[in-house]
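my_file37.cif follows (mmCIF, C-alpha atoms):
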data_coords
loop_
_atom_site.label_atom_id
_atom_site.label_comp_id
_atom_site.auth_asym_id
_atom_site.auth_seq_id
_atom_site.Cartn_x
_atom_site.Cartn_y
_atom_site.Cartn_z
CA MET A 1 -49.27 -16.78 54.32
CA GLU A 2 -46.92 -19.60 53.47
CA ASN A 3 -48.81 -20.22 50.20
CA ILE A 4 -48.55 -16.56 49.29
CA ALA A 5 -44.79 -16.54 49.96
CA GLU A 6 -44.35 -19.65 47.82
CA LEU A 7 -46.38 -18.13 45.01
CA ARG A 8 -44.28 -14.97 45.10
CA LYS A 9 -41.11 -17.07 45.11
CA GLU A 10 -42.30 -19.06 42.09
CA ALA A 11 -43.26 -15.85 40.28
CA ARG A 12 -39.82 -14.37 40.89
CA HIS A 13 -38.22 -17.59 39.67
CA GLU A 14 -40.34 -17.56 36.50
CA ARG A 15 -39.46 -13.89 35.86
CA ALA A 16 -35.76 -14.69 36.34
CA GLU A 17 -35.99 -17.60 33.88
CA LEU A 18 -37.85 -15.39 31.39
CA THR A 19 -35.26 -12.66 31.74
CA SER A 20 -32.46 -15.17 31.20
CA GLU A 21 -34.13 -16.51 28.06
CA GLN A 22 -34.67 -12.97 26.78
CA ARG A 23 -31.01 -12.13 27.35
CA LYS A 24 -29.94 -15.30 25.57
CA PHE A 25 -32.26 -14.51 22.65
CA ARG A 26 -30.97 -10.94 22.40
CA SER A 27 -27.36 -12.17 22.51
CA GLN A 28 -28.04 -14.67 19.73
CA LEU A 29 -29.79 -11.98 17.71
CA LYS A 30 -26.83 -9.61 18.04
CA GLU A 31 -24.34 -12.33 17.12
CA GLY A 32 -26.42 -13.31 14.10
CA PHE A 33 -26.68 -9.71 12.93
CA ALA A 34 -22.94 -9.17 13.39
CA ARG A 35 -22.17 -12.38 11.50
CA PHE A 36 -24.48 -11.30 8.66
CA LEU A 37 -22.95 -7.81 8.55
CA PHE A 38 -19.38 -9.12 8.42
CA THR A 39 -20.30 -11.67 5.75
CA LEU A 40 -22.01 -8.97 3.70
CA THR A 41 -19.00 -6.64 3.83
CA ALA A 42 -16.67 -9.51 2.87
CA VAL A 43 -18.89 -10.42 -0.09
CA ILE A 44 -19.02 -6.76 -1.19
CA SER A 45 -15.22 -6.53 -1.06
CA ILE A 46 -14.75 -9.72 -3.08
CA LEU A 47 -17.44 -8.68 -5.54
CA SER A 48 -15.82 -5.25 -6.00
CA VAL A 49 -12.46 -6.81 -6.85
CA PHE A 50 -14.16 -9.24 -9.21
CA LEU A 51 -16.03 -6.45 -11.02
CA ILE A 52 -12.83 -4.41 -11.39
CA CYS A 53 -11.04 -7.42 -12.86
CA LEU A 54 -13.97 -8.13 -15.16
CA PHE A 55 -14.06 -4.54 -16.43
CA LEU A 56 -10.31 -4.36 -17.03
CA PHE A 57 -9.98 -7.71 -18.77
CA ALA A 58 -13.19 -7.34 -20.78
CA ASN A 59 -12.00 -4.02 -22.22
CA GLY A 60 -8.24 -4.59 -22.21
CA ILE A 61 -7.89 -7.98 -23.89
CA PRO A 62 -9.75 -6.96 -27.11
CA ALA A 63 -7.56 -3.86 -27.38
CA ILE A 64 -4.37 -5.89 -27.01
CA GLN A 65 -5.65 -8.31 -29.65
CA LYS A 66 -6.24 -5.43 -32.08
CA ILE A 67 -2.84 -3.85 -31.45
CA GLY A 68 -0.87 -7.07 -31.05
CA VAL A 69 0.65 -8.43 -27.87
CA LYS A 70 4.25 -7.86 -28.98
CA GLU A 71 3.60 -4.38 -30.36
CA PHE A 72 1.68 -3.35 -27.22
CA LEU A 73 3.96 -4.74 -24.50
CA LEU A 74 7.34 -4.41 -26.24
CA GLY A 75 6.76 -1.47 -28.56
CA HIS A 76 8.94 1.59 -27.91
CA THR A 77 6.66 4.17 -29.53
CA TRP A 78 3.53 5.68 -28.02
CA ALA A 79 1.90 7.96 -30.62
CA PRO A 80 -1.90 7.47 -30.52
CA THR A 81 -2.75 10.66 -32.46
CA ASN A 82 -0.43 10.19 -35.46
CA GLY A 83 -1.61 9.18 -38.91
CA GLU A 84 -0.47 5.65 -38.16
CA PRO A 85 -1.03 5.37 -34.40
CA ALA A 86 1.39 3.35 -32.29
CA PHE A 87 0.56 1.97 -28.87
CA GLY A 88 3.79 0.64 -27.38
CA ILE A 89 3.87 0.86 -23.58
CA PHE A 90 7.31 -0.64 -22.95
CA PRO A 91 8.82 2.79 -22.04
CA MET A 92 6.02 3.28 -19.48
CA ILE A 93 6.58 -0.19 -18.03
CA CYS A 94 10.29 0.53 -17.64
CA GLY A 95 9.52 3.96 -16.19
CA SER A 96 7.23 2.45 -13.54
CA ILE A 97 9.87 -0.16 -12.65
CA TYR A 98 12.70 2.39 -12.43
CA ILE A 99 10.79 4.84 -10.25
CA THR A 100 9.39 2.12 -7.97
CA ALA A 101 12.83 0.55 -7.56
CA GLY A 102 14.32 3.95 -6.73
CA ALA A 103 11.58 4.62 -4.18
CA ILE A 104 12.29 1.26 -2.53
CA ILE A 105 16.02 2.00 -2.36
CA VAL A 106 15.31 5.37 -0.74
CA GLY A 107 12.30 4.63 1.44
CA VAL A 108 12.65 1.07 2.71
CA PRO A 109 15.96 1.37 4.65
CA ILE A 110 15.01 4.73 6.13
CA GLY A 111 11.52 3.54 7.03
CA ILE A 112 12.62 0.30 8.68
CA LEU A 113 15.43 1.95 10.65
CA THR A 114 13.06 4.69 11.77
CA ALA A 115 10.54 2.07 12.93
CA ILE A 116 13.26 0.22 14.89
CA PHE A 117 14.35 3.47 16.52
CA MET A 118 10.79 4.43 17.46
CA ALA A 119 9.95 0.97 18.82
CA ARG A 120 13.13 0.14 20.79
CA PHE A 121 15.45 3.13 21.12
CA CYS A 122 13.39 6.32 21.20
CA GLY A 123 12.46 7.99 24.48
CA LYS A 124 8.86 8.90 25.26
CA LYS A 125 9.53 12.60 24.81
CA TYR A 126 10.85 12.25 21.27
CA TYR A 127 8.51 9.39 20.38
CA LYS A 128 5.46 11.63 20.57
CA VAL A 129 7.07 14.08 18.15
CA LEU A 130 8.10 11.37 15.69
CA LYS A 131 4.75 9.59 15.88
CA THR A 132 2.86 12.82 15.28
CA ALA A 133 5.11 13.69 12.32
CA THR A 134 4.64 10.22 10.82
CA ASP A 135 0.85 10.40 11.15
CA LEU A 136 0.89 13.89 9.66
CA MET A 137 2.93 12.69 6.66
CA ALA A 138 0.40 9.93 6.05
CA GLY A 139 -2.40 12.50 5.78
CA ILE A 140 -0.71 14.90 3.36
CA PRO A 141 -2.38 14.81 -0.10
CA SER A 142 -0.36 13.58 -3.07
CA VAL A 143 -0.62 16.91 -4.86
CA VAL A 144 1.07 18.63 -1.90
CA TYR A 145 3.93 16.14 -2.11
CA GLY A 146 4.10 16.83 -5.84
CA PHE A 147 4.23 20.57 -5.23
CA PHE A 148 7.03 20.05 -2.69
CA GLY A 149 8.97 18.00 -5.22
CA LEU A 150 8.39 20.58 -7.96
CA VAL A 151 9.52 23.53 -5.82
CA ILE A 152 12.29 21.92 -3.73
CA LEU A 153 13.59 18.70 -5.30
CA VAL A 154 13.46 19.66 -8.98
CA PRO A 155 15.68 22.78 -8.57
CA ILE A 156 18.17 20.76 -6.50
CA ILE A 157 18.43 18.03 -9.16
CA ARG A 158 18.51 20.69 -11.88
CA GLY A 159 21.58 22.16 -10.19
CA LEU A 160 23.41 18.92 -11.01
CA ARG A 161 22.82 19.18 -14.76
CA ASP A 162 26.25 20.71 -15.32
CA TRP A 163 27.62 17.28 -14.41
CA PHE A 164 24.82 14.93 -15.45
CA GLY A 165 22.45 16.94 -17.68
CA GLY A 166 18.66 17.05 -17.51
CA ASN A 167 16.18 19.70 -16.39
CA GLY A 168 15.41 18.34 -12.91
CA CYS A 169 12.22 16.45 -13.79
CA SER A 170 13.63 12.95 -13.87
CA ILE A 171 13.62 9.41 -12.55
CA LEU A 172 15.84 10.45 -9.66
CA THR A 173 13.50 13.23 -8.56
CA ALA A 174 10.42 11.01 -8.73
CA SER A 175 12.24 8.23 -6.84
CA LEU A 176 13.27 10.58 -4.05
CA LEU A 177 9.77 11.98 -3.76
CA LEU A 178 8.09 8.56 -3.75
CA GLY A 179 10.66 7.34 -1.23
CA ILE A 180 9.46 10.11 1.08
CA MET A 181 5.80 9.35 0.38
CA ILE A 182 6.01 5.66 1.30
CA LEU A 183 7.79 6.36 4.61
CA PRO A 184 4.60 6.69 6.74
CA THR A 185 3.29 3.32 5.55
CA ILE A 186 6.55 1.48 6.11
CA VAL A 187 7.24 3.13 9.47
CA SER A 188 3.75 2.57 10.91
CA VAL A 189 3.38 -1.07 9.88
CA SER A 190 6.97 -2.00 10.76
CA GLU A 191 6.76 -0.34 14.16
CA ALA A 192 3.51 -2.14 14.96
CA SER A 193 5.11 -5.45 13.95
CA ILE A 194 8.18 -4.87 16.10
CA ARG A 195 6.09 -3.87 19.12
CA ALA A 196 3.94 -7.00 18.68
CA ILE A 197 6.94 -9.24 19.43
CA SER A 198 6.86 -10.55 22.98
CA ASP A 199 9.37 -9.06 25.41
CA THR A 200 10.47 -12.58 26.31
CA TYR A 201 12.54 -12.65 23.10
CA TYR A 202 14.41 -9.53 24.17
CA GLU A 203 14.75 -10.65 27.80
CA GLY A 204 16.10 -14.04 26.72
CA ALA A 205 18.73 -12.43 24.50
CA ARG A 206 19.76 -10.08 27.29
CA ALA A 207 19.95 -12.97 29.75
CA LEU A 208 22.40 -14.69 27.40
CA GLY A 209 24.67 -11.64 27.54
CA ALA A 210 23.69 -9.84 24.31
CA THR A 211 23.79 -6.04 24.25
CA HIS A 212 20.67 -3.98 23.72
CA GLU A 213 21.53 -3.26 20.09
CA ARG A 214 22.38 -6.88 19.33
CA SER A 215 19.20 -8.10 21.01
CA VAL A 216 17.11 -5.77 18.89
CA PHE A 217 18.78 -6.35 15.52
CA LYS A 218 19.53 -10.06 15.92
CA VAL A 219 16.40 -11.22 17.76
CA ILE A 220 13.52 -8.73 17.67
CA VAL A 221 13.84 -7.59 14.05
CA PRO A 222 14.16 -11.12 12.58
CA ALA A 223 11.15 -12.19 14.63
CA ALA A 224 9.15 -9.30 13.12
CA LYS A 225 10.28 -9.90 9.53
CA SER A 226 6.81 -11.06 8.47
CA GLY A 227 5.23 -7.73 9.42
CA ILE A 228 8.18 -5.78 8.01
CA MET A 229 7.76 -7.62 4.70
CA ALA A 230 4.07 -6.66 4.71
CA ALA A 231 5.12 -3.03 5.24
CA VAL A 232 7.45 -3.23 2.24
CA ILE A 233 4.67 -4.71 0.09
CA LEU A 234 2.30 -1.91 1.07
CA GLY A 235 5.01 0.64 0.33
CA VAL A 236 5.65 -0.83 -3.12
CA GLY A 237 1.91 -0.76 -3.84
CA ARG A 238 1.77 2.90 -2.83
CA ALA A 239 4.80 3.75 -4.98
CA ILE A 240 3.74 1.95 -8.14
CA GLY A 241 0.18 3.26 -7.93
CA GLU A 242 1.05 6.90 -7.28
CA THR A 243 0.00 9.29 -10.05
CA MET A 244 -0.34 12.97 -9.24
CA ALA A 245 3.04 13.51 -7.59
CA VAL A 246 4.79 11.53 -10.34
CA ILE A 247 3.14 13.60 -13.06
CA MET A 248 4.46 16.79 -11.47
CA VAL A 249 8.13 15.74 -11.16
CA ALA A 250 8.87 12.85 -13.55
CA GLY A 251 8.95 14.77 -16.83
CA ASN A 252 6.22 12.69 -18.54
CA GLN A 253 8.29 11.79 -21.59
CA ALA A 254 7.07 8.61 -23.28
CA ARG A 255 10.51 7.35 -24.28
CA MET A 256 13.16 4.95 -23.06
CA PRO A 257 15.37 6.77 -20.52
CA GLU A 258 19.14 6.46 -20.79
CA SER A 259 19.94 7.71 -17.29
CA ILE A 260 18.24 8.50 -14.00
CA PHE A 261 18.52 12.22 -14.79
CA GLU A 262 16.13 11.96 -17.78
CA GLY A 263 12.38 12.30 -17.72
CA VAL A 264 10.09 9.32 -17.93
CA ARG A 265 6.39 8.49 -17.98
CA THR A 266 4.79 5.81 -15.81
CA MET A 267 1.76 3.71 -16.67
CA THR A 268 -0.44 5.51 -14.16
CA ALA A 269 0.63 8.92 -15.46
CA ASN A 270 -0.02 7.82 -19.04
CA ILE A 271 -3.59 6.84 -18.18
CA VAL A 272 -4.37 10.03 -16.28
CA ILE A 273 -2.82 12.39 -18.84
CA GLU A 274 -4.61 11.01 -21.90
CA MET A 275 -7.85 9.43 -20.67
CA GLY A 276 -9.69 12.77 -20.72
CA TYR A 277 -9.60 13.09 -24.51
CA ALA A 278 -9.04 9.49 -25.62
CA THR A 279 -11.59 7.77 -27.84
CA GLY A 280 -11.88 4.50 -29.73
CA LEU A 281 -8.81 2.30 -29.78
CA HIS A 282 -6.83 4.96 -27.90
CA ARG A 283 -9.18 4.70 -24.92
CA GLU A 284 -9.15 0.91 -25.08
CA ALA A 285 -5.32 0.96 -25.12
CA LEU A 286 -5.31 3.06 -21.94
CA ILE A 287 -7.67 0.59 -20.25
CA ALA A 288 -5.36 -2.20 -21.38
CA THR A 289 -2.51 -0.28 -19.76
CA GLY A 290 -4.48 -0.32 -16.53
CA MET A 291 -4.92 -4.08 -16.92
CA VAL A 292 -1.15 -4.51 -17.34
CA LEU A 293 -0.58 -2.39 -14.24
CA PHE A 294 -3.07 -4.53 -12.32
CA ILE A 295 -1.27 -7.73 -13.39
CA PHE A 296 2.06 -6.12 -12.57
CA ILE A 297 0.95 -5.40 -8.98
CA LEU A 298 -0.39 -8.95 -8.63
CA ILE A 299 2.95 -10.37 -9.76
CA ILE A 300 4.84 -8.20 -7.25
CA ASN A 301 2.57 -9.30 -4.39
CA LEU A 302 2.89 -12.94 -5.47
CA CYS A 303 6.69 -12.70 -5.55
CA PHE A 304 6.78 -11.17 -2.07
CA SER A 305 4.38 -13.84 -0.80
CA LEU A 306 6.54 -16.64 -2.23
CA LEU A 307 9.66 -15.05 -0.74
CA LYS A 308 7.96 -14.74 2.63
CA ARG A 309 6.80 -18.37 2.51
CA LYS A 310 10.29 -19.55 1.53
CA GLU A 311 11.82 -17.71 4.47
CA GLN A 312 9.31 -19.22 6.86
#
Reformat the file's structure so that it appears as structure tokens.
Amino acid sequence: MENIAELRKEARHERAELTSEQRKFRSQLKEGFARFLFTLTAVISILSVFLICLFLFANGIPAIQKIGVKEFLLGHTWAPTNGEPAFGIFPMICGSIYITAGAIIVGVPIGILTAIFMARFCGKKYYKVLKTATDLMAGIPSVVYGFFGLVILVPIIRGLRDWFGGNGCSILTASLLLGIMILPTIVSVSEASIRAISDTYYEGARALGATHERSVFKVIVPAAKSGIMAAVILGVGRAIGETMAVIMVAGNQARMPESIFEGVRTMTANIVIEMGYATGLHREALIATGMVLFIFILIINLCFSLLKRKEQ
């Protein structure tokens, strides 16, 4: 009987060891698969960016060489269908800069202050309403924003033409609309950054005698400036890359604007409007415009990164 009990005990011990080894093997297998999956997705992402860069530069650089760097980047005339075609995109570059700058002026202060209010001042009852509205704004299609701007904002700006001129489709209208469109991005990212700051910062400021408002604006917000800067960068990327809404309210005039109440054409709008029927050098010039836009976004991100590093 004792031998039988010992044999059973040894069998149970062997089964336990086998089960432990099986669990360890399964855990290693899962970790290896997860590591492979994450590596694969990272490689696909990097490869996608590389292929996009390769396509843009491979098609854009020859077009710029044919047209001429100075004529392409600094030319004021865009007339691809004339007898002597001209491919100057300087008005489109200025248009993209003007509208993006206007969107930043409108959207960034409102977005950051809204995020501060939602994170540190808003009650739970009103927070749910604001959070739902912000999430809803993020899901609205660009064409719906464009239709809103065309029906609401354009008539309002047109009503000012007795003082400033213009027909309502202008830099100001597009800036206001894009300022509204980038709000969800700025608010969501900024709020998450502010909430990620430890409460010990706030409690320390309060312990030193600072008011609630001073603790938030002098301690919490500066501590979250890295995330707020990231929100601004994402908002700028959304503004400069927007196409459909800008086409509907910006006027789409390929000329140098003299005031914010005149129409303008951005680089993205220029590509979308003419790519459908472009051929030959005209099509290559539009791809080169996309390359310039790509470089432009890289420069903006690099400048923000350098500014962020300098502040740190």
Could you give me, as a CSV table (one decimal) with C-alpha atoms, in the frame of the given file, the residues within 8 Å of segment 215-221 of chain A, counting all atoms listed in the file and dropping anything in the same chain fewer than 2 positions from it?
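Result written to selection-v6.csv:
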chain,number,residue,atom,x,y,z
A,116,ILE,CA,13.3,0.2,14.9
A,120,ARG,CA,13.1,0.1,20.8
A,194,ILE,CA,8.2,-4.9,16.1
A,197,ILE,CA,6.9,-9.2,19.4
A,201,TYR,CA,12.5,-12.6,23.1
A,202,TYR,CA,14.4,-9.5,24.2
A,205,ALA,CA,18.7,-12.4,24.5
A,206,ARG,CA,19.8,-10.1,27.3
A,210,ALA,CA,23.7,-9.8,24.3
A,211,THR,CA,23.8,-6.0,24.2
A,212,HIS,CA,20.7,-4.0,23.7
A,213,GLU,CA,21.5,-3.3,20.1
A,223,ALA,CA,11.2,-12.2,14.6
A,224,ALA,CA,9.2,-9.3,13.1
A,225,LYS,CA,10.3,-9.9,9.5
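Minimum distance to Leu160 of chain A across A:Leu74, A:Lys128, A:Thr41, A:Phe261 (counting all atoms listed in the file) occurs at A:Phe261.
Nearest residue to Ser175 of chain A among A:Pro141, A:Gly107, A:Leu136, A:Ser193 is A:Gly107, counting only C-alpha atoms.
For the structure shown here, the set of residues caught by the PyMOL selection byres ((chain A and resi 270-275) around 9) is Met92, Thr243, Met244, Ile247, Asn252, Ala254, Arg265, Thr266, Met267, Thr268, Ala269, Gly276, Tyr277, Ala278, Thr279, His282, Arg283, Leu286, Ile287, Thr289 and Gly290 of chain A.
Considering all atoms listed in the file, the residue among A:Cys53, A:Leu37, A:Val143, A:Val187 positioned nearest to Phe117 of chain A is A:Val187.
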Can you build me a table of segment 86-134 of chain A residues sitting at most 12 Å from segment 300-305 of chain A, with the closest atom pair per residue and its distance in Å to one decimal, using all atoms listed in the file, sorted by chain and residue number, as a Markdown table?
| residue | atom | partner | partner_atom | distance |
| --- | --- | --- | --- | --- |
| A:Ile97 | CA | A:Ile300 | CA | 10.9 |
| A:Thr100 | CA | A:Ile300 | CA | 11.3 |
| A:Ala101 | CA | A:Ile300 | CA | 11.9 |
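Of the listed residues A:Leu281, A:Met291, A:Ala58, A:Ile228, the one whose atoms come nearest to Leu113 of chain A is A:Ile228, with distances taken using all atoms listed in the file.
If you look at atom CA of Pro184 of chain A and atom CA of Ser259 of chain A, they are 28.5 Å away from each other.
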(message) One number please: atom CA of Gly263 of chain A to atom CA of Phe72 of chain A, in Å, one decimal.
(response) 21.2 Å
(message) To one decimal place in Å, what is the distance between atom CA of Pro257 of chain A and atom CA of Thr77 of chain A?
(response) 12.8 Å
Edge lengths and centre in Å to one decimal, as JSON, of the axis-aligned box that encloses all listed atoms of segment 146-155 of chain A with 4 Å added on every side?
{"center_x": 9.9, "center_y": 20.2, "center_z": -5.8, "size_x": 19.6, "size_y": 14.7, "size_z": 14.3}
(request) Pick out the residues sitting within 7 Å of Arg195 of chain A, and hand them over as a ChimeraX atom specification; count all atoms listed in the file, and ignore anything fewer than 3 positions along from it in its own chain. (result) /A:119,191-192
(message) Neighbouring residues of Gly68 of chain A were defined as those with any atom within 12 Å, considering all atoms listed in the file; residues of the same chain fewer than 6 positions away were excluded. Please report them as an MDAnalysis selection string.
(response) chainID A and resid 60:62 74:75 86:89 285 288
(message) Which residue is closest to Pro85 of chain A? Choose from A:Gly227, A:Gly280, A:Tyr98, A:Asp135 and count only C-alpha atoms.
(response) A:Gly280
(message) So that I can see what lies close to Ala231 of chain A, please list as a count of residues only the residues with an atom at most 7 Å from it, counting only C-alpha atoms and leaving out residues fewer than 2 positions away in the same chain.
(response) 10
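Remark: for Leu177 of chain A, the closest of the candidate residues A:Pro80, A:Gly111, A:Gly146, A:Gly237 is A:Gly146 (distances computed over only C-alpha atoms).
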